[in-house]
Amino acid sequence: MNTPSNRLAYKPLRHIKERIIEAGLFLAAFMSVATTFAIVAILVYESIPLFKVVSLWTFLTDTQWTPLFDDAHYGIMPLVAGTMVTTAVALAVAIPMGTIIAIYLSEFASHKVRESIKPVLELLGAVPTVVYGYFALIFVTPLLQKLMPELSGFNMLSAGLVMGIMIVPYVSSVSEDAMRAVPMHIREGSYAMGSTRFQTATRVVVPGAFSGIAAAYILGISRAVGETMIVAVAAGMQPNFTLNPLEPAATISSYIVQVALGDLPHGSIGYQTIFAAGLTLMLMTLVFNVIGYWLSRKFREVY
Amino acid sequence: MRFTLQEMRTMIARHKRWDHIFGLVGMLCLLLGILTLVVLFGQLLLQGMERLTPEFFTSFPSRRAENAGILSAWVGTVAVMLVTAMTAVPLGVAAAVYLEEYAPRNWMTAIIEINVTNLAGVPSIVYGLLALGLFVYQFGLGQSILSAGLTLALLILPVVIVATREALRAVPGSIREAAYALGATRWQMVSGHVLPYSSAGILTGMIIGLSRAIGETAPIITIGALTFIAFLPNSPVTTDFPFISFKWLMDPFTVMPIQMFNWTSRPEEAFQLNAAAAGVVLLVMTLAMNGLAIWLRYHLRKKIKW
């Protein structure tokens, strides 16, 4: 019978179906936690065999990285140095440029300019990194060689510069969001005291938004540390313990790519080293993220 | 200290000059970014133009640069993207629906949310290592289209989740209350109302995610994709019953960015031209997808009025 009271009756089947759907949705959301666990577990599990042969001390202090040669050395430092140098060059471009663009778009540009330029700028972050690598190798390096004739064909400078341009939209859009979150009345207060736009931007808005800007910088650093293809294409893939950006060098990620390009049997020494390198990379990103978290907590302004 | 009117005027003028200087510097920085994009595209186009013939799309890679093409690469890219979309979109949307519409406020939800944020910051090559250890060896999927598709799906999952959550949040609460008032269950409310209304936003997120996946090179190289493939995967349509075959999922493959990387790393000049041509195709694909997403977002904002 289809009486109203019948239709409104409690339906156990419907209730069960709802619970099943909710459980399914929860599992999908839980995938992210599972992925994190899987990443850590796989990196540790696959690199343990290496640390049975090589002590952690040697891994951290040896100044050569030649795991695939007869005279094998397992010092991660040359790769870490390469990663740091390319990251530093990239940040030297991305942080000033990204911050200036963010201030300009948030405090100076008209609504129309902002709305039309932002999507174009964000395309910079969408270009495939292998295309950037090609650009660095074929265009930027020859350009730099005109200024510095002794520059080698593969070098960390051009890879880092191009990487910096790639990171600009990440830095600028997160910083701009943070600056726009600074309430209007604070700016108005500053203007009422007779400040110019530039004074308001640099002395009121930027300090007020610093916790968000710090987060943007950290995002940029993470991007630069993990970036692979630009370095693999344009910086050469020879491990080289140097802090000179004019030289070629390998980074942690470009080493992984280089080894993975060759024949890589499961459980071989090459196989184990890329996981150890990956673990190092992961820990480096983690350290930067913790610093970023701490910075943004310390400088958080509550309005 | 007291200033005369004249002194104050010059002071104001001096400070205001900084406004103009900074405005100029800001414009210059923006121009530099956009100029890079233009030069990058122009350079690729200039170098690759002569290779962009119809044969370039219908030939396999070859040892002779002028005969080489991207047939296996673009077919591989399409196949991998298919797997990625089929995995990442349902999973990402389901996760976002849970977090927005179902999740209680407790520590479990907090952990999931922190994880989604953190995963977005994990370097892509680490996903490649995860896939190499887990999909290729532990699950025994091998260096196949399926492994690659699943890897990229994990990689873009945070993008899809964040975009979907934003789209769901844009649906006003009154719609949900109206559905409940008519006796709908939570799932009926979500599947019948909230999801359809946010579908365009979800689509935008999916396109952005896929445009990122299409250019990813490092994780795919890490799982061991080959760089020289002169054959196509098995056809998904067969002449025998049941006419559909999933054998292609387990086939070896190459993708566009790997093909480009392979050509870039060769010393011969002729292959550099191929790399440029492949770069143009790749760039046009990514820019078109991003353009579509921007257009969708723009029109959405104008059209919907609750």
# chains A, B, ... in the order shown; residues from 1 in each chain; ligands from 1

call {"tool": "interface_residues", "arguments": {"of": "chain A", "to": "chain B", "cutoff": "7 Å", "atoms": "only C-alpha atoms", "output": "PDB file with N, CA, C and O atoms, in the first residue's frame"}}
result
ATOM      1  N   GLU A  18      22.987   3.896   2.446  1.00  0.00           N
ATOM      2  CA  GLU A  18      23.642   5.150   2.788  1.00  0.00           C
ATOM      3  C   GLU A  18      24.966   4.909   3.508  1.00  0.00           C
ATOM      4  O   GLU A  18      25.953   5.580   3.254  1.00  0.00           O
ATOM      5  N   LEU A  25      33.058   6.399   0.232  1.00  0.00           N
ATOM      6  CA  LEU A  25      33.619   7.745   0.098  1.00  0.00           C
ATOM      7  C   LEU A  25      34.768   7.951   1.074  1.00  0.00           C
ATOM      8  O   LEU A  25      35.783   8.561   0.743  1.00  0.00           O
ATOM      9  N   PHE A  26      34.605   7.389   2.286  1.00  0.00           N
ATOM     10  CA  PHE A  26      35.666   7.529   3.276  1.00  0.00           C
ATOM     11  C   PHE A  26      36.940   6.849   2.775  1.00  0.00           C
ATOM     12  O   PHE A  26      38.039   7.395   2.895  1.00  0.00           O
ATOM     13  N   ALA A  28      37.900   6.423  -0.242  1.00  0.00           N
ATOM     14  CA  ALA A  28      38.527   7.246  -1.274  1.00  0.00           C
ATOM     15  C   ALA A  28      39.342   8.366  -0.627  1.00  0.00           C
ATOM     16  O   ALA A  28      40.468   8.656  -1.028  1.00  0.00           O
ATOM     17  N   ALA A  29      38.768   8.980   0.422  1.00  0.00           N
ATOM     18  CA  ALA A  29      39.482  10.070   1.091  1.00  0.00           C
ATOM     19  C   ALA A  29      40.695   9.526   1.836  1.00  0.00           C
ATOM     20  O   ALA A  29      41.728  10.184   1.923  1.00  0.00           O
ATOM     21  N   PHE A  30      40.574   8.309   2.329  1.00  0.00           N
ATOM     22  CA  PHE A  30      41.666   7.712   3.088  1.00  0.00           C
ATOM     23  C   PHE A  30      42.849   7.365   2.187  1.00  0.00           C
ATOM     24  O   PHE A  30      43.969   7.207   2.668  1.00  0.00           O
ATOM     25  N   SER A  32      44.569   9.189   0.442  1.00  0.00           N
ATOM     26  CA  SER A  32      45.675  10.137   0.561  1.00  0.00           C
ATOM     27  C   SER A  32      46.600   9.739   1.707  1.00  0.00           C
ATOM     28  O   SER A  32      47.820   9.819   1.595  1.00  0.00           O
ATOM     29  N   VAL A  33      45.995   9.297   2.815  1.00  0.00           N
ATOM     30  CA  VAL A  33      46.813   8.855   3.943  1.00  0.00           C
ATOM     31  C   VAL A  33      47.577   7.594   3.547  1.00  0.00           C
ATOM     32  O   VAL A  33      48.780   7.458   3.810  1.00  0.00           O
ATOM     33  N   ILE A  39      54.422   5.800   0.355  1.00  0.00           N
ATOM     34  CA  ILE A  39      55.648   6.473  -0.092  1.00  0.00           C
ATOM     35  C   ILE A  39      56.766   6.245   0.917  1.00  0.00           C
ATOM     36  O   ILE A  39      57.858   5.777   0.575  1.00  0.00           O
ATOM     37  N   ILE A  42      57.782   2.426   1.095  1.00  0.00           N
ATOM     38  CA  ILE A  42      58.542   1.935  -0.063  1.00  0.00           C
ATOM     39  C   ILE A  42      59.947   2.513  -0.068  1.00  0.00           C
ATOM     40  O   ILE A  42      60.922   1.795  -0.275  1.00  0.00           O
ATOM     41  N   MET A  97      61.233  38.198  -8.106  1.00  0.00           N
ATOM     42  CA  MET A  97      60.255  38.414  -9.176  1.00  0.00           C
ATOM     43  C   MET A  97      58.846  38.097  -8.703  1.00  0.00           C
ATOM     44  O   MET A  97      57.905  38.851  -8.946  1.00  0.00           O
ATOM     45  N   ILE A 100      57.622  40.808  -6.180  1.00  0.00           N
ATOM     46  CA  ILE A 100      57.302  42.079  -6.831  1.00  0.00           C
ATOM     47  C   ILE A 100      56.002  41.957  -7.620  1.00  0.00           C
ATOM     48  O   ILE A 100      55.118  42.821  -7.535  1.00  0.00           O
ATOM     49  N   ILE A 101      55.868  40.847  -8.358  1.00  0.00           N
ATOM     50  CA  ILE A 101      54.644  40.672  -9.148  1.00  0.00           C
ATOM     51  C   ILE A 101      53.427  40.593  -8.228  1.00  0.00           C
ATOM     52  O   ILE A 101      52.383  41.188  -8.507  1.00  0.00           O
ATOM     53  N   TYR A 104      52.670  44.023  -6.963  1.00  0.00           N
ATOM     54  CA  TYR A 104      52.127  44.829  -8.065  1.00  0.00           C
ATOM     55  C   TYR A 104      50.678  44.468  -8.349  1.00  0.00           C
ATOM     56  O   TYR A 104      49.818  45.347  -8.440  1.00  0.00           O
ATOM     57  N   PHE A 108      48.896  47.521  -6.813  1.00  0.00           N
ATOM     58  CA  PHE A 108      49.061  48.566  -7.824  1.00  0.00           C
ATOM     59  C   PHE A 108      48.155  48.405  -9.044  1.00  0.00           C
ATOM     60  O   PHE A 108      47.631  49.371  -9.550  1.00  0.00           O
ATOM     61  N   LEU A 121      50.040  34.566 -16.745  1.00  0.00           N
ATOM     62  CA  LEU A 121      51.200  34.309 -15.906  1.00  0.00           C
ATOM     63  C   LEU A 121      51.181  32.869 -15.394  1.00  0.00           C
ATOM     64  O   LEU A 121      52.216  32.202 -15.340  1.00  0.00           O
ATOM     65  N   LEU A 124      52.847  29.990 -17.184  1.00  0.00           N
ATOM     66  CA  LEU A 124      54.268  29.716 -16.972  1.00  0.00           C
ATOM     67  C   LEU A 124      54.478  28.467 -16.126  1.00  0.00           C
ATOM     68  O   LEU A 124      55.438  27.737 -16.321  1.00  0.00           O
ATOM     69  N   ALA A 126      52.430  26.006 -16.110  1.00  0.00           N
ATOM     70  CA  ALA A 126      51.781  24.864 -16.750  1.00  0.00           C
ATOM     71  C   ALA A 126      52.621  24.262 -17.871  1.00  0.00           C
ATOM     72  O   ALA A 126      52.355  23.163 -18.317  1.00  0.00           O
ATOM     73  N   VAL A 127      53.639  24.997 -18.318  1.00  0.00           N
ATOM     74  CA  VAL A 127      54.480  24.481 -19.406  1.00  0.00           C
ATOM     75  C   VAL A 127      55.191  23.217 -18.923  1.00  0.00           C
ATOM     76  O   VAL A 127      55.747  23.210 -17.829  1.00  0.00           O
ATOM     77  N   PRO A 128      55.150  22.124 -19.709  1.00  0.00           N
ATOM     78  CA  PRO A 128      55.822  20.892 -19.292  1.00  0.00           C
ATOM     79  C   PRO A 128      57.304  21.143 -19.029  1.00  0.00           C
ATOM     80  O   PRO A 128      57.956  21.880 -19.772  1.00  0.00           O
ATOM     81  N   THR A 129      57.826  20.535 -17.969  1.00  0.00           N
ATOM     82  CA  THR A 129      59.190  20.857 -17.560  1.00  0.00           C
ATOM     83  C   THR A 129      60.219  20.407 -18.591  1.00  0.00           C
ATOM     84  O   THR A 129      61.276  21.016 -18.696  1.00  0.00           O
ATOM     85  N   VAL A 130      59.896  19.369 -19.353  1.00  0.00           N
ATOM     86  CA  VAL A 130      60.869  18.923 -20.348  1.00  0.00           C
ATOM     87  C   VAL A 130      61.025  19.990 -21.439  1.00  0.00           C
ATOM     88  O   VAL A 130      62.113  20.194 -21.984  1.00  0.00           O
ATOM     89  N   VAL A 131      59.945  20.726 -21.702  1.00  0.00           N
ATOM     90  CA  VAL A 131      60.018  21.832 -22.665  1.00  0.00           C
ATOM     91  C   VAL A 131      60.927  22.935 -22.118  1.00  0.00           C
ATOM     92  O   VAL A 131      61.749  23.497 -22.835  1.00  0.00           O
ATOM     93  N   TYR A 134      64.516  21.885 -22.553  1.00  0.00           N
ATOM     94  CA  TYR A 134      64.947  22.127 -23.923  1.00  0.00           C
ATOM     95  C   TYR A 134      65.283  23.608 -24.121  1.00  0.00           C
ATOM     96  O   TYR A 134      66.308  23.956 -24.694  1.00  0.00           O
ATOM     97  N   PHE A 135      64.405  24.471 -23.592  1.00  0.00           N
ATOM     98  CA  PHE A 135      64.585  25.918 -23.708  1.00  0.00           C
ATOM     99  C   PHE A 135      65.889  26.351 -23.036  1.00  0.00           C
ATOM    100  O   PHE A 135      66.658  27.151 -23.589  1.00  0.00           O
ATOM    101  N   ILE A 165      62.082  30.983 -13.358  1.00  0.00           N
ATOM    102  CA  ILE A 165      60.947  31.539 -14.111  1.00  0.00           C
ATOM    103  C   ILE A 165      59.731  30.625 -13.968  1.00  0.00           C
ATOM    104  O   ILE A 165      58.603  31.083 -13.790  1.00  0.00           O
ATOM    105  N   THR A 196      52.255  56.746   1.067  1.00  0.00           N
ATOM    106  CA  THR A 196      52.030  56.502  -0.359  1.00  0.00           C
ATOM    107  C   THR A 196      51.681  55.021  -0.541  1.00  0.00           C
ATOM    108  O   THR A 196      51.752  54.233   0.392  1.00  0.00           O
ATOM    109  N   ARG A 197      51.326  54.690  -1.766  1.00  0.00           N
ATOM    110  CA  ARG A 197      51.017  53.307  -2.098  1.00  0.00           C
ATOM    111  C   ARG A 197      52.184  52.381  -1.778  1.00  0.00           C
ATOM    112  O   ARG A 197      52.024  51.316  -1.203  1.00  0.00           O
ATOM    113  N   PHE A 198      53.378  52.805  -2.183  1.00  0.00           N
ATOM    114  CA  PHE A 198      54.566  51.977  -2.007  1.00  0.00           C
ATOM    115  C   PHE A 198      54.853  51.757  -0.521  1.00  0.00           C
ATOM    116  O   PHE A 198      55.163  50.654  -0.091  1.00  0.00           O
ATOM    117  N   SER A 222      60.131  23.890  -2.324  1.00  0.00           N
ATOM    118  CA  SER A 222      59.799  22.478  -2.556  1.00  0.00           C
ATOM    119  C   SER A 222      59.804  22.156  -4.034  1.00  0.00           C
ATOM    120  O   SER A 222      60.288  21.110  -4.457  1.00  0.00           O
ATOM    121  N   ARG A 223      59.191  23.062  -4.829  1.00  0.00           N
ATOM    122  CA  ARG A 223      59.172  22.865  -6.280  1.00  0.00           C
ATOM    123  C   ARG A 223      60.590  22.752  -6.820  1.00  0.00           C
ATOM    124  O   ARG A 223      60.909  21.869  -7.610  1.00  0.00           O
ATOM    125  N   GLY A 226      62.571  19.544  -5.861  1.00  0.00           N
ATOM    126  CA  GLY A 226      62.106  18.310  -6.500  1.00  0.00           C
ATOM    127  C   GLY A 226      62.133  18.346  -8.008  1.00  0.00           C
ATOM    128  O   GLY A 226      61.928  17.320  -8.652  1.00  0.00           O
ATOM    129  N   THR A 228      62.977  18.062 -11.756  1.00  0.00           N
ATOM    130  CA  THR A 228      63.844  17.038 -12.313  1.00  0.00           C
ATOM    131  C   THR A 228      64.279  17.298 -13.747  1.00  0.00           C
ATOM    132  O   THR A 228      65.464  17.330 -14.054  1.00  0.00           O
ATOM    133  N   MET A 229      63.315  17.494 -14.637  1.00  0.00           N
ATOM    134  CA  MET A 229      63.648  17.403 -16.054  1.00  0.00           C
ATOM    135  C   MET A 229      64.509  18.571 -16.537  1.00  0.00           C
ATOM    136  O   MET A 229      65.394  18.385 -17.362  1.00  0.00           O
ATOM    137  N   VAL A 233      68.065  17.780 -18.266  1.00  0.00           N
ATOM    138  CA  VAL A 233      68.371  18.134 -19.648  1.00  0.00           C
ATOM    139  C   VAL A 233      69.525  19.139 -19.712  1.00  0.00           C
ATOM    140  O   VAL A 233      70.453  18.971 -20.496  1.00  0.00           O
ATOM    141  N   SER A 253      67.419  14.425  -7.981  1.00  0.00           N
ATOM    142  CA  SER A 253      66.371  13.935  -8.879  1.00  0.00           C
ATOM    143  C   SER A 253      66.928  13.582 -10.251  1.00  0.00           C
ATOM    144  O   SER A 253      66.481  12.611 -10.869  1.00  0.00           O
ATOM    145  N   VAL A 257      66.643   9.947 -12.424  1.00  0.00           N
ATOM    146  CA  VAL A 257      66.228   9.820 -13.818  1.00  0.00           C
ATOM    147  C   VAL A 257      67.317   9.132 -14.648  1.00  0.00           C
ATOM    148  O   VAL A 257      67.038   8.244 -15.449  1.00  0.00           O
ATOM    149  N   ALA A 260      67.319   5.486 -13.891  1.00  0.00           N
ATOM    150  CA  ALA A 260      66.098   4.838 -14.355  1.00  0.00           C
ATOM    151  C   ALA A 260      66.059   4.714 -15.876  1.00  0.00           C
ATOM    152  O   ALA A 260      65.369   3.845 -16.411  1.00  0.00           O
ATOM    153  N   LEU A 261      66.805   5.572 -16.566  1.00  0.00           N
ATOM    154  CA  LEU A 261      66.827   5.497 -18.031  1.00  0.00           C
ATOM    155  C   LEU A 261      67.525   4.230 -18.509  1.00  0.00           C
ATOM    156  O   LEU A 261      67.217   3.697 -19.560  1.00  0.00           O
ATOM    157  N   PHE A 275      66.411   4.682  -4.494  1.00  0.00           N
ATOM    158  CA  PHE A 275      65.466   4.825  -3.387  1.00  0.00           C
ATOM    159  C   PHE A 275      66.103   5.575  -2.226  1.00  0.00           C
ATOM    160  O   PHE A 275      65.439   6.391  -1.571  1.00  0.00           O
ATOM    161  N   GLY A 278      65.987   9.080  -3.234  1.00  0.00           N
ATOM    162  CA  GLY A 278      64.603   9.556  -3.106  1.00  0.00           C
ATOM    163  C   GLY A 278      64.261   9.861  -1.660  1.00  0.00           C
ATOM    164  O   GLY A 278      63.594  10.857  -1.354  1.00  0.00           O
TER     165      GLY A 278
END

call {"tool": "select_by_dssp", "arguments": {"residues": "segment 165-261 of chain A", "states": "alpha helix (DSSP H)", "output": "ChimeraX atom specification"}}
result
/A:165-180,184-192,197-200,206-208,210-226,229-234,252-261

call {"tool": "closest_residue", "arguments": {"among": "A:Ile269, A:Met193, A:Leu123, A:Ala109", "to": "Ala288 of chain B", "atoms": "only C-alpha atoms"}}
result
A:Leu123

call {"tool": "residues_around", "arguments": {"residues": "Pro142 of chain A", "least_positions_apart": "2", "cutoff": "12 Å", "atoms": "only C-alpha atoms", "output": "MDAnalysis selection string"}}
result
chainID A and resid 135:140 144:155 157:158 234

call {"tool": "closest_residue", "arguments": {"among": "A:Val205, A:Val44, A:Ile21, A:Met31", "to": "Ser175 of chain A", "atoms": "only C-alpha atoms"}}
result
A:Val205

call {"tool": "atom_distance", "arguments": {"atom1": "atom CA of Ala72 of chain A", "atom2": "atom CA of Leu279 of chain A"}}
result
20.0 Å

call {"tool": "atom_distance", "arguments": {"atom1": "atom CA of Ser199 of chain B", "atom2": "atom CA of Ser147 of chain B"}}
result
28.0 Å

call {"tool": "closest_residue", "arguments": {"among": "A:Gln238, A:Gln258, A:Ser211, A:Thr141", "to": "Tyr293 of chain A", "atoms": "only C-alpha atoms"}}
result
A:Ser211

call {"tool": "residues_around", "arguments": {"residues": "Thr87 of chain A", "least_positions_apart": "2", "cutoff": "9 Å", "atoms": "only C-alpha atoms", "output": "PyMOL selection string"}}
result
chain A and resi 82-85+89-92+160+163-164+221+223-225+227

call {"tool": "closest_residue", "arguments": {"among": "B:Gln143, B:Thr58, B:Ser198, B:Gln47", "to": "Leu273 of chain B", "atoms": "only C-alpha atoms"}}
result
B:Gln47

call {"tool": "atom_distance", "arguments": {"atom1": "atom CA of Leu182 of chain B", "atom2": "atom CA of Ala167 of chain B"}}
result
23.6 Å

call {"tool": "residues_around", "arguments": {"residues": "Ser144 of chain B", "least_positions_apart": "6", "cutoff": "6 Å", "atoms": "only C-alpha atoms", "output": "JSON, numbers by chain"}}
result
{"B": [250, 251, 252]}

call {"tool": "residues_around", "arguments": {"residues": "segment 55-63 of chain A", "least_positions_apart": "6", "cutoff": "9 Å", "atoms": "only C-alpha atoms", "output": "mmCIF file with N, CA and C atoms, in the first residue's frame"}}
result
data_model
loop_
_atom_site.group_PDB
_atom_site.id
_atom_site.type_symbol
_atom_site.label_atom_id
_atom_site.label_comp_id
_atom_site.auth_asym_id
_atom_site.auth_seq_id
_atom_site.Cartn_x
_atom_site.Cartn_y
_atom_site.Cartn_z
ATOM 1 N N HIS A 73 81.762 4.709 -4.642
ATOM 2 C CA HIS A 73 81.658 5.587 -3.482
ATOM 3 C C HIS A 73 80.197 5.955 -3.313
ATOM 4 N N TYR A 74 79.759 6.044 -2.063
ATOM 5 C CA TYR A 74 78.337 6.299 -1.817
ATOM 6 C C TYR A 74 78.154 7.546 -0.977
ATOM 7 N N GLY A 75 78.702 8.670 -1.404
ATOM 8 C CA GLY A 75 78.499 9.901 -0.643
ATOM 9 C C GLY A 75 77.418 10.726 -1.322
ATOM 10 N N ILE A 76 76.319 10.998 -0.643
ATOM 11 C CA ILE A 76 75.181 11.693 -1.251
ATOM 12 C C ILE A 76 75.480 13.185 -1.419
ATOM 13 N N MET A 77 76.505 13.687 -0.717
ATOM 14 C CA MET A 77 76.745 15.128 -0.680
ATOM 15 C C MET A 77 76.879 15.813 -2.052
ATOM 16 N N PRO A 78 77.593 15.215 -3.027
ATOM 17 C CA PRO A 78 77.656 15.886 -4.332
ATOM 18 C C PRO A 78 76.264 16.122 -4.918
ATOM 19 N N PHE A 241 80.932 17.577 -6.997
ATOM 20 C CA PHE A 241 80.822 18.220 -5.692
ATOM 21 C C PHE A 241 81.329 19.651 -5.789
#
